[in-house]
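coords_15.txt (compact mmCIF, C-alpha atoms (C1' of nucleotides)) appears below.
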```txt
# COMPACT_ATOMS: atom_id res chain seq x y z
CA MET A 162 0.00 0.00 0.00
CA LYS A 163 1.51 3.28 -1.13
CA ILE A 164 0.40 6.23 1.03
CA ALA A 165 1.33 9.78 0.01
CA SER A 166 0.96 13.14 1.76
CA TYR A 167 0.84 16.39 -0.20
CA ASN A 168 0.15 19.97 0.89
CA ILE A 169 -1.38 21.16 -2.38
CA ASN A 170 -1.89 24.83 -1.41
CA GLY A 171 -5.36 25.19 -2.94
CA ILE A 172 -7.17 22.52 -4.97
CA LYS A 173 -8.71 25.07 -7.36
CA ALA A 174 -5.31 26.25 -8.56
CA ARG A 175 -3.73 22.81 -8.31
CA ALA A 176 -6.28 20.48 -9.92
CA ALA A 177 -4.24 19.71 -13.05
CA THR A 178 -0.98 19.35 -11.11
CA VAL A 179 -2.58 16.97 -8.62
CA ARG A 180 -4.25 14.91 -11.34
CA ASP A 181 -0.95 14.49 -13.22
CA TRP A 182 0.77 13.53 -9.97
CA LEU A 183 -1.84 10.86 -9.15
CA ILE A 184 -1.62 9.38 -12.64
CA GLU A 185 2.18 9.31 -12.63
CA THR A 186 2.85 8.11 -9.08
CA ALA A 187 -0.36 6.10 -8.46
CA PRO A 188 -0.59 6.19 -4.66
CA ASP A 189 -3.25 3.93 -3.16
CA VAL A 190 -3.99 6.63 -0.60
CA ALA A 191 -3.35 10.37 -0.84
CA ILE A 192 -3.54 12.64 2.19
CA LEU A 193 -4.08 16.23 1.08
CA GLN A 194 -3.66 19.45 3.07
CA GLU A 195 -4.63 23.06 2.40
CA ILE A 196 -7.44 22.23 0.02
CA LYS A 197 -8.68 25.77 0.80
CA THR A 198 -12.31 25.12 0.00
CA ILE A 199 -15.54 24.02 1.60
CA ASP A 200 -16.50 20.40 1.00
CA ALA A 201 -18.97 21.37 -1.73
CA GLY A 202 -16.22 23.14 -3.66
CA PHE A 203 -13.91 20.13 -3.78
CA PRO A 204 -13.70 18.57 -7.27
CA ARG A 205 -14.60 15.02 -6.23
CA GLU A 206 -15.06 13.92 -9.87
CA LEU A 207 -11.40 14.58 -10.62
CA PHE A 208 -10.49 11.87 -8.11
CA GLU A 209 -13.44 9.56 -8.65
CA ASP A 210 -12.68 9.46 -12.38
CA LEU A 211 -9.25 8.06 -11.44
CA GLY A 212 -10.80 5.38 -9.24
CA TYR A 213 -10.47 7.07 -5.84
CA SER A 214 -12.96 7.40 -3.02
CA VAL A 215 -12.99 10.87 -1.47
CA GLU A 216 -13.52 12.18 2.07
CA THR A 217 -13.04 15.87 2.81
CA HIS A 218 -12.95 18.12 5.85
CA GLY A 219 -13.03 21.54 4.24
CA GLN A 220 -13.21 25.19 5.22
CA LYS A 221 -13.79 28.38 3.24
CA SER A 222 -10.55 29.89 1.88
CA PHE A 223 -8.16 28.44 4.46
CA ASN A 224 -6.87 25.08 5.70
CA GLY A 225 -8.92 22.02 4.83
CA VAL A 226 -7.79 18.39 4.51
CA ALA A 227 -8.88 15.41 2.45
CA LEU A 228 -8.30 11.69 2.10
CA VAL A 229 -8.58 9.93 -1.25
CA SER A 230 -8.12 6.20 -1.57
CA LYS A 231 -8.41 3.37 -4.08
CA TYR A 232 -9.68 1.25 -1.18
CA PRO A 233 -12.83 2.15 0.74
CA LEU A 234 -12.43 4.77 3.50
CA GLU A 235 -14.13 3.52 6.66
CA ASP A 236 -14.95 5.00 10.06
CA VAL A 237 -14.11 8.57 9.03
CA VAL A 238 -13.40 11.08 11.80
CA ARG A 239 -13.29 14.81 11.00
CA GLY A 240 -11.47 17.14 13.36
CA LEU A 241 -8.86 16.43 16.02
CA PRO A 242 -10.52 15.44 19.30
CA GLY A 243 -10.12 17.56 22.39
CA ALA A 244 -10.68 21.14 21.25
CA GLN A 245 -12.04 23.82 23.57
CA GLY A 246 -15.63 24.55 22.58
CA ALA A 247 -15.87 21.35 20.57
CA GLY A 248 -19.07 20.17 19.01
CA ARG A 249 -20.06 22.97 16.68
CA ASN A 250 -20.47 22.01 13.03
CA GLY A 251 -19.94 18.39 13.97
CA ALA A 252 -16.19 18.96 14.21
CA ASP A 253 -13.78 19.25 17.10
CA ASP A 254 -12.04 22.38 15.86
CA GLU A 255 -12.86 25.78 14.41
CA GLU A 256 -10.14 25.18 11.84
CA ALA A 257 -10.33 22.18 9.50
CA ARG A 258 -6.97 20.53 10.01
CA TYR A 259 -7.51 16.84 10.71
CA ILE A 260 -9.17 13.79 9.16
CA GLU A 261 -8.85 10.12 9.93
CA ALA A 262 -10.09 6.92 8.32
CA THR A 263 -9.36 3.22 8.08
CA VAL A 264 -8.11 1.84 4.78
CA VAL A 265 -8.31 -1.90 4.25
CA GLY A 266 -5.90 -3.33 1.70
CA GLN A 267 -4.11 -6.58 2.48
CA LYS A 268 -4.16 -5.26 6.04
CA ALA A 269 -6.18 -2.54 7.74
CA VAL A 270 -4.30 0.72 8.29
CA ARG A 271 -5.62 3.72 10.20
CA VAL A 272 -4.66 6.82 8.20
CA CYS A 273 -4.49 10.21 9.96
CA GLY A 274 -4.13 13.33 7.80
CA LEU A 275 -3.13 16.58 9.49
CA TYR A 276 -2.31 20.19 8.80
CA LEU A 277 -0.65 21.40 11.97
CA PRO A 278 -0.98 25.12 12.73
CA ASN A 279 1.89 27.32 11.51
CA GLY A 280 2.02 29.21 14.83
CA ASN A 281 3.63 32.45 13.72
CA PRO A 282 4.14 34.95 15.11
CA ALA A 283 5.68 33.44 18.22
CA PRO A 284 5.10 34.09 21.00
CA GLY A 285 1.40 34.94 20.79
CA GLU A 286 -2.08 33.47 20.52
CA LYS A 287 -1.28 31.59 17.33
CA TYR A 288 1.75 29.96 18.86
CA ALA A 289 -0.23 28.94 21.93
CA TYR A 290 -2.81 27.37 19.62
CA LYS A 291 -0.07 25.46 17.83
CA LEU A 292 1.36 24.04 21.04
CA ALA A 293 -2.08 23.13 22.35
CA TRP A 294 -2.87 21.43 19.04
CA MET A 295 0.34 19.42 19.28
CA ALA A 296 -0.59 18.28 22.78
CA ARG A 297 -3.97 17.13 21.45
CA LEU A 298 -2.27 15.31 18.57
CA ARG A 299 -0.03 13.55 21.06
CA ALA A 300 -3.09 12.47 23.05
CA ARG A 301 -4.72 11.12 19.89
CA ALA A 302 -1.55 9.21 18.96
CA ALA A 303 -1.47 7.69 22.45
CA GLU A 304 -5.10 6.54 22.05
CA LEU A 305 -4.36 4.94 18.71
CA LEU A 306 -1.20 3.28 20.02
CA ALA A 307 -3.28 1.56 22.69
CA SER A 308 -5.20 -0.23 19.94
CA GLU A 309 -1.95 -1.83 18.68
CA GLU A 310 -3.24 -1.56 15.11
CA PRO A 311 -0.98 -0.08 12.40
CA PHE A 312 -1.49 3.63 11.84
CA VAL A 313 0.09 6.36 9.77
CA MET A 314 0.04 9.97 11.00
CA ALA A 315 1.07 12.11 8.05
CA GLY A 316 0.84 15.64 6.81
CA ASP A 317 2.22 19.14 7.06
CA TYR A 318 3.49 19.27 10.64
CA ASN A 319 4.93 22.78 10.27
CA VAL A 320 7.85 21.52 12.36
CA ILE A 321 11.54 21.50 11.40
CA PRO A 322 12.70 18.69 13.70
CA GLN A 323 16.44 19.30 13.62
CA ALA A 324 19.05 21.67 12.17
CA GLU A 325 19.81 19.26 9.33
CA ASP A 326 16.18 19.62 8.21
CA ALA A 327 16.78 23.20 7.00
CA ALA A 328 19.19 24.56 4.41
CA ARG A 329 19.70 27.65 6.60
CA PRO A 330 18.65 26.75 10.14
CA GLU A 331 19.88 30.08 11.48
CA ALA A 332 17.20 31.85 9.40
CA TRP A 333 14.49 29.98 11.36
CA ALA A 334 15.87 30.53 14.86
CA LYS A 335 12.91 32.66 16.02
CA ASP A 336 10.29 31.00 13.83
CA ALA A 337 7.40 28.97 15.22
CA LEU A 338 8.45 26.07 12.95
CA TYR A 339 11.81 25.72 14.68
CA LEU A 340 11.66 27.18 18.18
CA PRO A 341 13.01 24.78 20.84
CA GLU A 342 9.55 24.43 22.38
CA THR A 343 8.13 23.39 18.99
CA ARG A 344 10.79 20.77 18.44
CA ALA A 345 10.36 19.49 21.99
CA ALA A 346 6.61 19.10 21.43
CA PHE A 347 7.31 17.16 18.23
CA ARG A 348 9.77 14.91 20.05
CA ARG A 349 7.17 14.23 22.73
CA ILE A 350 4.91 12.86 19.99
CA VAL A 351 7.63 10.79 18.32
CA ASN A 352 8.87 9.53 21.68
CA LEU A 353 5.56 7.80 22.32
CA GLY A 354 7.06 5.20 20.00
CA LEU A 355 6.47 6.54 16.49
CA THR A 356 8.91 6.29 13.60
CA ASP A 357 9.88 9.16 11.29
CA ALA A 358 9.60 7.12 8.10
CA LEU A 359 12.01 9.19 6.02
CA ARG A 360 14.81 9.23 8.57
CA VAL A 361 14.88 5.47 9.03
CA ARG A 362 15.20 5.07 5.26
CA THR A 363 17.96 7.64 4.71
CA GLN A 364 20.28 10.05 6.48
CA ALA A 365 21.08 11.87 3.24
CA PRO A 366 21.52 15.66 3.59
CA ASP A 367 19.34 18.32 1.97
CA LEU A 368 16.06 16.43 2.11
CA TYR A 369 13.31 19.05 2.11
CA THR A 370 9.57 19.17 1.46
CA PHE A 371 8.93 22.95 1.34
CA TRP A 372 10.53 25.80 -0.53
CA ASP A 373 9.03 29.30 -0.19
CA PHE A 374 7.60 30.90 -3.32
CA GLN A 375 9.63 34.00 -2.45
CA ARG A 376 13.29 34.87 -2.95
CA GLY A 377 13.95 32.06 -5.38
CA ALA A 378 14.02 29.51 -2.58
CA TRP A 379 13.51 26.54 -4.92
CA ALA A 380 16.23 27.63 -7.35
CA ARG A 381 18.68 27.90 -4.45
CA ASN A 382 17.40 24.72 -2.75
CA ASP A 383 16.68 26.87 0.31
CA GLY A 384 14.23 24.35 1.73
CA ILE A 385 12.94 22.90 4.99
CA ARG A 386 11.63 19.45 5.90
CA ILE A 387 8.24 20.00 7.54
CA ASP A 388 6.01 17.32 5.95
CA HIS A 389 6.40 14.09 7.86
CA VAL A 390 5.08 10.54 7.89
CA LEU A 391 5.06 9.09 11.40
CA LEU A 392 4.39 5.38 11.78
CA SER A 393 3.10 3.35 14.69
CA PRO A 394 5.28 0.38 15.64
CA GLN A 395 2.95 -1.99 13.80
CA ALA A 396 3.11 0.21 10.68
CA ALA A 397 6.88 0.67 10.94
CA ASP A 398 7.23 -3.11 10.78
CA LEU A 399 5.57 -2.92 7.33
CA LEU A 400 7.73 -0.07 5.97
CA GLU A 401 9.40 -0.83 2.63
CA ASP A 402 10.26 2.63 1.31
CA CYS A 403 9.82 6.36 1.90
CA GLN A 404 10.65 9.14 -0.53
CA ILE A 405 9.99 12.79 -1.29
CA ASP A 406 8.65 13.56 -4.79
CA THR A 407 11.02 16.53 -5.09
CA ALA A 408 10.51 16.81 -8.84
CA MET A 409 6.91 17.97 -8.27
CA ARG A 410 8.27 21.28 -6.94
CA ALA A 411 9.84 22.00 -10.35
CA ARG A 412 6.55 21.59 -12.27
CA GLU A 413 4.39 24.21 -13.88
CA LYS A 414 1.98 25.61 -11.27
CA PRO A 415 3.68 23.83 -8.37
CA SER A 416 2.61 23.86 -4.77
CA ASP A 417 5.26 25.26 -2.43
CA HIS A 418 5.40 21.75 -0.91
CA ALA A 419 6.52 18.46 -2.44
CA PRO A 420 4.70 15.19 -1.74
CA ILE A 421 6.18 12.55 0.57
CA TRP A 422 5.15 8.90 0.39
CA VAL A 423 5.63 5.55 2.09
CA GLN A 424 5.31 2.03 0.72
CA LEU A 425 3.91 -0.38 3.30
CA ALA A 426 3.55 -4.16 3.04
CA ALA A 427 -0.16 -3.80 3.72
C1' DA B 787 15.77 46.64 6.78
C1' DT B 788 12.62 45.84 3.36
C1' DG B 789 10.28 43.30 0.04
C1' DG B 790 10.01 39.57 -2.39
C1' DT B 791 5.39 35.33 -4.23
C1' DC B 792 1.42 32.76 -4.08
C1' DG B 793 -3.96 31.37 -3.29
C1' DC B 794 -8.05 32.45 -1.50
C1' DC B 795 -11.36 35.68 -3.74
C1' DG B 796 -12.45 39.89 -4.96
C1' DA B 797 -9.68 43.23 0.40
C1' DG B 798 -6.41 41.74 2.84
C1' DC B 799 -4.95 37.67 5.37
C1' DG B 800 -2.23 33.60 5.86
C1' DA B 801 1.83 31.30 4.64
```
Write out the structure in this file as C-alpha cells.
Amino acid sequence: MKIASYNINGIKARAATVRDWLIETAPDVAILQEIKTIDAGFPRELFEDLGYSVETHGQKSFNGVALVSKYPLEDVVRGLPGAQGAGRNGADDEEARYIEATVVGQKAVRVCGLYLPNGNPAPGEKYAYKLAWMARLRARAAELLASEEPFVMAGDYNVIPQAEDAARPEAWAKDALYLPETRAAFRRIVNLGLTDALRVRTQAPDLYTFWDFQRGAWARNDGIRIDHVLLSPQAADLLEDCQIDTAMRAREKPSDHAPIWVQLAA
DNA sequence: ATGGTCGCCGAGCGA
C-alpha cells in the first residue's frame, strides 16, 4: 500500500498538477492538506474518475484536509478530538486541520491526515494554539497506540525537527516552525514510540519538502523538511520505502510543498 | 531593513 501526503496549497489552482501527480505516481492513498475550500467546492469527480474514493474536511478559503483512496475509507473522523468549545459544526475544531479513516488493503491501516498550525508569530495566541494542538495530537496518537493496530500519521506538521532539516537553520531561529519548544513538542509525539519514516530510510543531507515561493528559494534549494510521515510500531514493521517527490516542486503551477510517500507491506 | 510570491477571492490575510 503506497500512502502519500501532499500539501497542495489550494485545490482550485492545483487540480491539473494533482491529477498528473496521481496518474504518474499512483498512490493507493493520498492525504491532502490546504485544500482551501468548503466540502462542496472540492472537485470530487477529478479523483473519482481516477478510481479514488474521497472524504473531505473543508473550510472556506483556508486550511482544509482530504483523504482519497483506491480502497474504501471507513470510520471517518473529521477534526482532532479535544478542542475547547468542541461540538459545533460536527467537528472538534474551528479550523479544518484533521481527518482520519481506516483503509483496508491486504491489512487494515488507520490513516491520519493533518495540517498542523503554523504558529507564527511566536510568542502569541497563534503559537499557543499550535502548542495546544500538538498536545492534542499527542493524546490522539497515544489513544491509537493503545489499539496496537498499524497507523500512519502524516501531513504538514509545520515543524523542522532538527538543524539538518533546514538549508539555513539560522534563518528559522525565532520561527514557530523551529523554536526549541516546537521541536520538543514534536519529540514528545515521536517519543511515544512513532517512527519518522524518512529518517529510518535515509540520512542523506538536503532532504526538504517545502521551498518558499519568495526569494527564489527553490532555485537555491533553500528548503525545509516539515512534511512528515510518522508510523506506529505496527506500521513501521511494514515499511518498505519512503521518498519525497522533489521533482513535483519543479513543475508548472507547483505547490510550495513536495509530496512525501511511504510504501507499506499492507 | 525591506520586500520579495502565491492562493483564496475579490480586500487583505495567511503562509
Quiz item: What is the distance, in Å and to one decimal place, between atom CA of Asp357 of chain A and atom CA of Asn319 of chain A?
Solution: 14.5 Å
Quiz item: Near chain B, which residues of chain A fall within 6 Å when you count all atoms listed in the file, and what do they look like as JSON, numbers by chain?
Solution: {"A": [222, 374, 375, 376]}
Any chance you could export the current selection's C-alpha atoms as a CSV table (one decimal), in the coordinates of the input?
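The result, stored in result.csv:
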```csv
chain,number,residue,atom,x,y,z
A,222,SER,CA,-10.6,29.9,1.9
A,374,PHE,CA,7.6,30.9,-3.3
A,375,GLN,CA,9.6,34.0,-2.4
A,376,ARG,CA,13.3,34.9,-3.0
```
Quiz item: atom CA of Arg410 of chain A to atom CA of Trp422 of chain A: how many Å, to one decimal?
Solution: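 Interatomic distance, atom CA of Arg410 of chain A to atom CA of Trp422 of chain A: 14.7 Å.
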Quiz item: What is the distance between atom CA of Val229 of chain A and atom CA of Arg205 of chain A, in Å to one decimal?
Solution: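 Answer for the atom CA of Val229 of chain A to atom CA of Arg205 of chain A separation: 9.3 Å.
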Quiz prompt | Selected residue, from A:Leu355, A:Leu400, A:Leu275, A:Ile169, that lies nearest to Asp417 of chain A when counting all atoms listed in the file | solution = A:Ile169
Practice problem: With only C-alpha atoms (C1' of nucleotides) counted, which protein, DNA or RNA residues have an atom no more than 12 Å from (-2.7, 7.2, 20.2) in the file frame? Please answer as a PyMOL selection string. | Solution: chain A and resi 241-242+271+273+296-314+350-355+391-394
Quiz item: Of the candidates A:Gln424, A:Thr263, A:Thr198, A:Thr186, which one gets nearest to Val237 of chain A if we count all atoms listed in the file?
Solution: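 Of the candidates, the smallest distance to Val237 of chain A is held by A:Thr263.
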